[in-house]
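Okay, model.pdb is below, PDB, C-alpha atoms:
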```pdb
ATOM      1  CA  MET A   1     -34.985-329.781  -0.682
ATOM      2  CA  SER A   2     -34.408-326.220   0.468
ATOM      3  CA  GLN A   3     -32.433-323.660  -1.502
ATOM      4  CA  ARG A   4     -30.047-323.154   1.433
ATOM      5  CA  PHE A   5     -29.266-326.887   1.611
ATOM      6  CA  ARG A   6     -28.541-327.024  -2.119
ATOM      7  CA  SER A   7     -26.327-323.971  -1.808
ATOM      8  CA  GLU A   8     -24.374-325.564   1.064
ATOM      9  CA  CYS A   9     -23.975-328.792  -0.934
ATOM     10  CA  ARG A  10     -22.645-326.884  -3.940
ATOM     11  CA  GLN A  11     -20.238-324.987  -1.763
ATOM     12  CA  GLY A  12     -19.027-328.208  -0.131
ATOM     13  CA  LEU A  13     -18.494-329.877  -3.497
ATOM     14  CA  LEU A  14     -16.694-326.829  -4.852
ATOM     15  CA  TRP A  15     -14.422-326.736  -1.794
ATOM     16  CA  ALA A  16     -13.716-330.471  -2.046
ATOM     17  CA  ALA A  17     -12.841-330.213  -5.749
ATOM     18  CA  LEU A  18     -10.603-327.175  -5.303
ATOM     19  CA  GLY A  19      -9.034-328.660  -2.151
ATOM     20  CA  ALA A  20      -8.250-331.877  -4.034
ATOM     21  CA  TRP A  21      -6.772-329.753  -6.845
ATOM     22  CA  MET A  22      -4.546-327.894  -4.370
ATOM     23  CA  VAL A  23      -3.378-331.044  -2.572
ATOM     24  CA  TRP A  24      -2.760-332.851  -5.868
ATOM     25  CA  LEU A  25      -0.493-330.046  -7.053
ATOM     26  CA  ALA A  26       1.191-329.249  -3.717
ATOM     27  CA  TRP A  27       1.523-332.706  -2.086
ATOM     28  CA  PRO A  28       5.361-332.737  -2.218
ATOM     29  CA  GLY A  29       5.212-330.038   0.454
ATOM     30  CA  LEU A  30       3.933-332.641   2.895
ATOM     31  CA  PHE A  31       7.360-334.293   2.753
ATOM     32  CA  ALA A  32       9.447-331.136   3.160
ATOM     33  CA  TRP A  33      11.964-330.891   5.979
ATOM     34  CA  PHE A  34      12.300-327.915   8.298
ATOM     35  CA  THR A  35      13.824-324.735   6.901
ATOM     36  CA  PRO A  36      16.301-322.692   8.976
ATOM     37  CA  ASP A  37      13.420-320.281   9.688
ATOM     38  CA  ASP A  38      11.294-323.126  11.047
ATOM     39  CA  LEU A  39      14.057-324.201  13.399
ATOM     40  CA  MET A  40      14.581-320.623  14.573
ATOM     41  CA  ASN A  41      10.846-320.262  15.274
ATOM     42  CA  LEU A  42      10.753-323.578  17.132
ATOM     43  CA  HIS A  43      13.804-322.647  19.201
ATOM     44  CA  GLY A  44      12.071-319.420  20.150
ATOM     45  CA  VAL A  45       9.085-321.242  21.673
ATOM     46  CA  ALA A  46      10.353-324.697  22.648
ATOM     47  CA  PHE A  47      11.620-323.737  26.084
ATOM     48  CA  LEU A  48       8.970-321.175  26.984
ATOM     49  CA  HIS A  49       5.908-321.769  29.116
ATOM     50  CA  PRO A  50       2.611-320.961  27.352
ATOM     51  CA  SER A  51       2.037-318.070  29.769
ATOM     52  CA  GLN A  52       5.356-316.564  28.657
ATOM     53  CA  ILE A  53       4.275-316.886  25.022
ATOM     54  CA  LEU A  54       0.966-315.165  25.771
ATOM     55  CA  ALA A  55       2.751-312.394  27.667
ATOM     56  CA  GLY A  56       5.035-311.777  24.675
ATOM     57  CA  ARG A  57       4.116-309.252  22.037
ATOM     58  CA  GLU A  58       5.204-311.223  19.001
ATOM     59  CA  ARG A  59       2.525-313.364  17.342
ATOM     60  CA  PRO A  60       1.229-315.259  20.394
ATOM     61  CA  ALA A  61      -1.423-317.328  18.573
ATOM     62  CA  ALA A  62       0.988-318.829  16.059
ATOM     63  CA  ASN A  63       3.672-319.270  18.701
ATOM     64  CA  LEU A  64       1.210-321.153  20.904
ATOM     65  CA  VAL A  65       0.380-323.414  17.959
ATOM     66  CA  LEU A  66       4.078-324.031  17.353
ATOM     67  CA  LYS A  67       4.589-324.749  21.051
ATOM     68  CA  GLY A  68       1.718-327.249  20.987
ATOM     69  CA  LEU A  69       3.074-328.966  17.901
ATOM     70  CA  TRP A  70       6.523-329.049  19.491
ATOM     71  CA  GLU A  71       5.151-330.630  22.671
ATOM     72  CA  LEU A  72       3.189-333.233  20.727
ATOM     73  CA  PHE A  73       5.595-334.116  17.921
ATOM     74  CA  GLY A  74       9.032-332.732  18.727
ATOM     75  CA  LEU A  75      11.310-332.468  15.730
ATOM     76  CA  HIS A  76       9.231-334.497  13.269
ATOM     77  CA  PRO A  77       8.310-332.191  10.359
ATOM     78  CA  ARG A  78       5.350-334.106   8.874
ATOM     79  CA  PRO A  79       2.767-333.122  11.537
ATOM     80  CA  TYR A  80       3.747-329.478  11.096
ATOM     81  CA  ARG A  81       3.273-329.762   7.341
ATOM     82  CA  VAL A  82      -0.057-331.588   7.745
ATOM     83  CA  PHE A  83      -1.237-328.840  10.100
ATOM     84  CA  CYS A  84      -0.211-326.182   7.573
ATOM     85  CA  PHE A  85      -2.050-328.023   4.794
ATOM     86  CA  GLY A  86      -5.107-328.163   7.051
ATOM     87  CA  LEU A  87      -4.859-324.399   7.461
ATOM     88  CA  LEU A  88      -4.517-324.015   3.686
ATOM     89  CA  LEU A  89      -7.724-326.008   3.209
ATOM     90  CA  ALA A  90      -9.520-324.032   5.935
ATOM     91  CA  ASN A  91      -8.365-320.795   4.296
ATOM     92  CA  LEU A  92      -9.623-322.045   0.941
ATOM     93  CA  TRP A  93     -13.022-322.674   2.547
ATOM     94  CA  LEU A  94     -13.069-319.157   4.026
ATOM     95  CA  ALA A  95     -12.021-317.615   0.716
ATOM     96  CA  LEU A  96     -14.729-319.486  -1.185
ATOM     97  CA  ARG A  97     -17.336-318.306   1.298
ATOM     98  CA  LEU A  98     -16.124-314.747   0.848
ATOM     99  CA  PHE A  99     -16.036-315.045  -2.951
ATOM    100  CA  PHE A 100     -19.601-316.354  -2.995
ATOM    101  CA  THR A 101     -20.836-313.851  -0.394
ATOM    102  CA  SER A 102     -19.351-310.988  -2.402
ATOM    103  CA  SER A 103     -20.559-312.100  -5.810
ATOM    104  CA  LEU A 104     -23.591-314.344  -5.132
ATOM    105  CA  SER A 105     -22.405-316.388  -8.114
ATOM    106  CA  TRP A 106     -21.039-319.929  -8.061
ATOM    107  CA  LYS A 107     -19.262-319.349 -11.353
ATOM    108  CA  THR A 108     -17.433-316.357  -9.949
ATOM    109  CA  ALA A 109     -16.572-318.240  -6.756
ATOM    110  CA  LEU A 110     -15.227-321.157  -8.809
ATOM    111  CA  PHE A 111     -13.165-318.896 -11.051
ATOM    112  CA  ALA A 112     -11.681-317.000  -8.092
ATOM    113  CA  GLY A 113     -11.198-320.264  -6.206
ATOM    114  CA  LEU A 114      -9.192-321.751  -9.064
ATOM    115  CA  PHE A 115      -6.729-318.867  -8.817
ATOM    116  CA  PHE A 116      -6.739-318.976  -5.042
ATOM    117  CA  SER A 117      -6.380-322.726  -4.509
ATOM    118  CA  TYR A 118      -2.910-323.125  -5.994
ATOM    119  CA  HIS A 119      -0.196-320.954  -7.448
ATOM    120  CA  ALA A 120       3.351-322.171  -8.032
ATOM    121  CA  GLN A 121       4.862-318.882  -6.862
ATOM    122  CA  LEU A 122       3.384-319.478  -3.402
ATOM    123  CA  GLN A 123       5.667-322.451  -2.869
ATOM    124  CA  ASP A 124       6.663-321.217   0.591
ATOM    125  CA  LEU A 125       3.120-321.901   1.748
ATOM    126  CA  TYR A 126       3.448-325.495   0.567
ATOM    127  CA  PHE A 127       7.028-326.214   1.695
ATOM    128  CA  ASN A 128       7.772-323.975   4.701
ATOM    129  CA  SER A 129       6.208-324.420   8.139
ATOM    130  CA  GLY A 130       7.362-320.903   9.028
ATOM    131  CA  THR A 131       4.441-319.595   7.002
ATOM    132  CA  ILE A 132       2.128-320.738   9.791
ATOM    133  CA  TYR A 133       2.120-317.086  10.904
ATOM    134  CA  ASP A 134       0.742-315.997   7.534
ATOM    135  CA  LEU A 135      -1.732-318.868   7.346
ATOM    136  CA  LEU A 136      -3.150-318.102  10.787
ATOM    137  CA  CYS A 137      -3.287-314.376  10.015
ATOM    138  CA  PHE A 138      -5.347-315.112   6.906
ATOM    139  CA  PHE A 139      -7.574-317.495   8.885
ATOM    140  CA  PHE A 140      -8.340-314.981  11.642
ATOM    141  CA  PHE A 141      -8.767-311.999   9.309
ATOM    142  CA  PHE A 142     -11.087-313.748   6.868
ATOM    143  CA  SER A 143     -13.072-315.345   9.697
ATOM    144  CA  ALA A 144     -13.621-311.890  11.192
ATOM    145  CA  MET A 145     -14.540-310.465   7.796
ATOM    146  CA  LEU A 146     -17.141-313.173   7.205
ATOM    147  CA  VAL A 147     -18.630-312.662  10.685
ATOM    148  CA  TYR A 148     -18.818-308.947   9.952
ATOM    149  CA  LEU A 149     -20.490-309.476   6.575
ATOM    150  CA  LYS A 150     -22.977-311.899   8.110
ATOM    151  CA  GLY A 151     -23.810-309.294  10.744
ATOM    152  CA  MET A 152     -24.287-306.680   8.045
ATOM    153  CA  ASP A 153     -26.666-309.005   6.160
ATOM    154  CA  GLU A 154     -28.723-309.628   9.289
ATOM    155  CA  ALA A 155     -28.799-305.940  10.217
ATOM    156  CA  GLY A 156     -29.856-304.701   6.827
TER     157      GLY A 156
END
```

Entire entry expressed as structure tokens:
Amino acid sequence: MSQRFRSECRQGLLWAALGAWMVWLAWPGLFAWFTPDDLMNLHGVAFLHPSQILAGRERPAANLVLKGLWELFGLHPRPYRVFCFGLLLANLWLALRLFFTSSLSWKTALFAGLFFSYHAQLQDLYFNSGTIYDLLCFFFFFSAMLVYLKGMDEAG
């Protein structure tokens, strides 16, 4: 068994354990209703064509996601919350990859991941679909950072 395969297995198990920890602590957020902010954001995109959203200057990626969720699910909050939890888990995966890439230590990645996976003061992330803007920002930024670091490793 190759070292890379073992490393990927460890990382997958670490992500699964920390993801289960996060969901176990934050699951009530899956049953949250829309906040006034969520409804304002949905009203802002519900009646626009996707080309109008792309032509706008305010957060087109997240607004396109909201428009897609609106078209698919209307005013049912659970799919929005499930999507946000999916983004939280994807962001946890990206953060763990960054923690390990930066430290080259599973212990360090686990320790940082424990702090990152759940914090009670971040309740808006768990209960408010309006944080989709923040969740997508994190996703795109950390994805770009990991691509950059991978390129730096290959170059040098």

- prompt: Skipping near chain neighbours, those fewer than 4 positions away, what residues fall within 12 Å of segment 147-154 of chain A using only C-alpha atoms, listed as a PyMOL selection string?
  reply: chain A and resi 94+97-102+140-143

query: Rounded to one decimal in Å, what is the spacing between atom CA of Phe83 of chain A and atom CA of Lys107 of chain A?
result: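 Spanning atom CA of Phe83 of chain A to atom CA of Lys107 of chain A is a straight-line distance of 29.6 Å.
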
task: Given the file shown, determine the residues that the PyMOL selection byres ((chain A and resi 122) around 12) selects; report them as a ChimeraX atom specification.
output: /A:22,25-26,29,88,115-121,123-128,131,134-135

message: So, with all atoms listed in the file as the atoms that count, which of A:Glu58, A:Leu30, A:Glu71, A:Val23 lies closest to Ala46 of chain A?
response: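 Between A:Glu58, A:Leu30, A:Glu71, A:Val23, the residue approaching Ala46 of chain A most closely is A:Glu71.
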
message: Ranking A:Leu66, A:Ala95, A:Leu104, A:Val45 by minimum distance to Tyr133 of chain A and counting all atoms listed in the file, which one comes first?
response: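 For Tyr133 of chain A, the nearest of the given residues is A:Leu66.
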
message: Can you spell out as a ChimeraX atom specification the set of residues that the PyMOL selection byres ((chain A and resi 74-81) around 7) selects in the structure I just provided?
response: /A:30-31,33-34,69-73,82-85,129

query: Which value, in Å to one decimal, gives the distance between atom CA of Ile132 of chain A and atom CA of Phe111 of chain A?
result: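 One can read the atom CA of Ile132 of chain A to atom CA of Phe111 of chain A distance as 25.9 Å.
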
message: With all atoms listed in the file as the counted atoms, please give the residues lying no more than 12 Å from His49 of chain A, apart from itself and same-chain residues fewer than 5 positions off, as a PyMOL selection string.
response: chain A and resi 44+54-56+60+63-64+67-68+71

Length of the atom CA of Ala20 of chain A to atom CA of Trp106 of chain A vector [Å]: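 So the two atoms, atom CA of Ala20 of chain A and atom CA of Trp106 of chain A, lie 18.0 Å apart.
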
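This file, filtered with the PyMOL selection byres ((chain A and resi 15) around 10), gives the residues A:Cys9, A:Arg10, A:Gln11, A:Gly12, A:Leu13, A:Leu14, A:Ala16, A:Ala17, A:Leu18, A:Gly19, A:Ala20, A:Trp21, A:Leu89, A:Ala90, A:Leu92, A:Trp93, A:Leu94, A:Ala95, A:Leu96, A:Arg97, A:Leu110, A:Gly113, A:Ser117.
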
Output as AutoDock Vina command-line options the centre and edge lengths (Å, one decimal) of the box along x, y and z of the file that holds every listed atom of segment 25-42 of chain A after adding 6 Å on each side.
```
--center_x 7.9 --center_y -327.3 --center_z 5.0 --size_x 28.8 --size_y 26.0 --size_z 36.2
```

query: Which is closest to Met40 of chain A among A:Thr108, A:Asn91, A:Gly130, A:Trp27, if we use all atoms listed in the file?
result: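 Residue with the minimum atom-to-atom distance to Met40 of chain A: A:Gly130.
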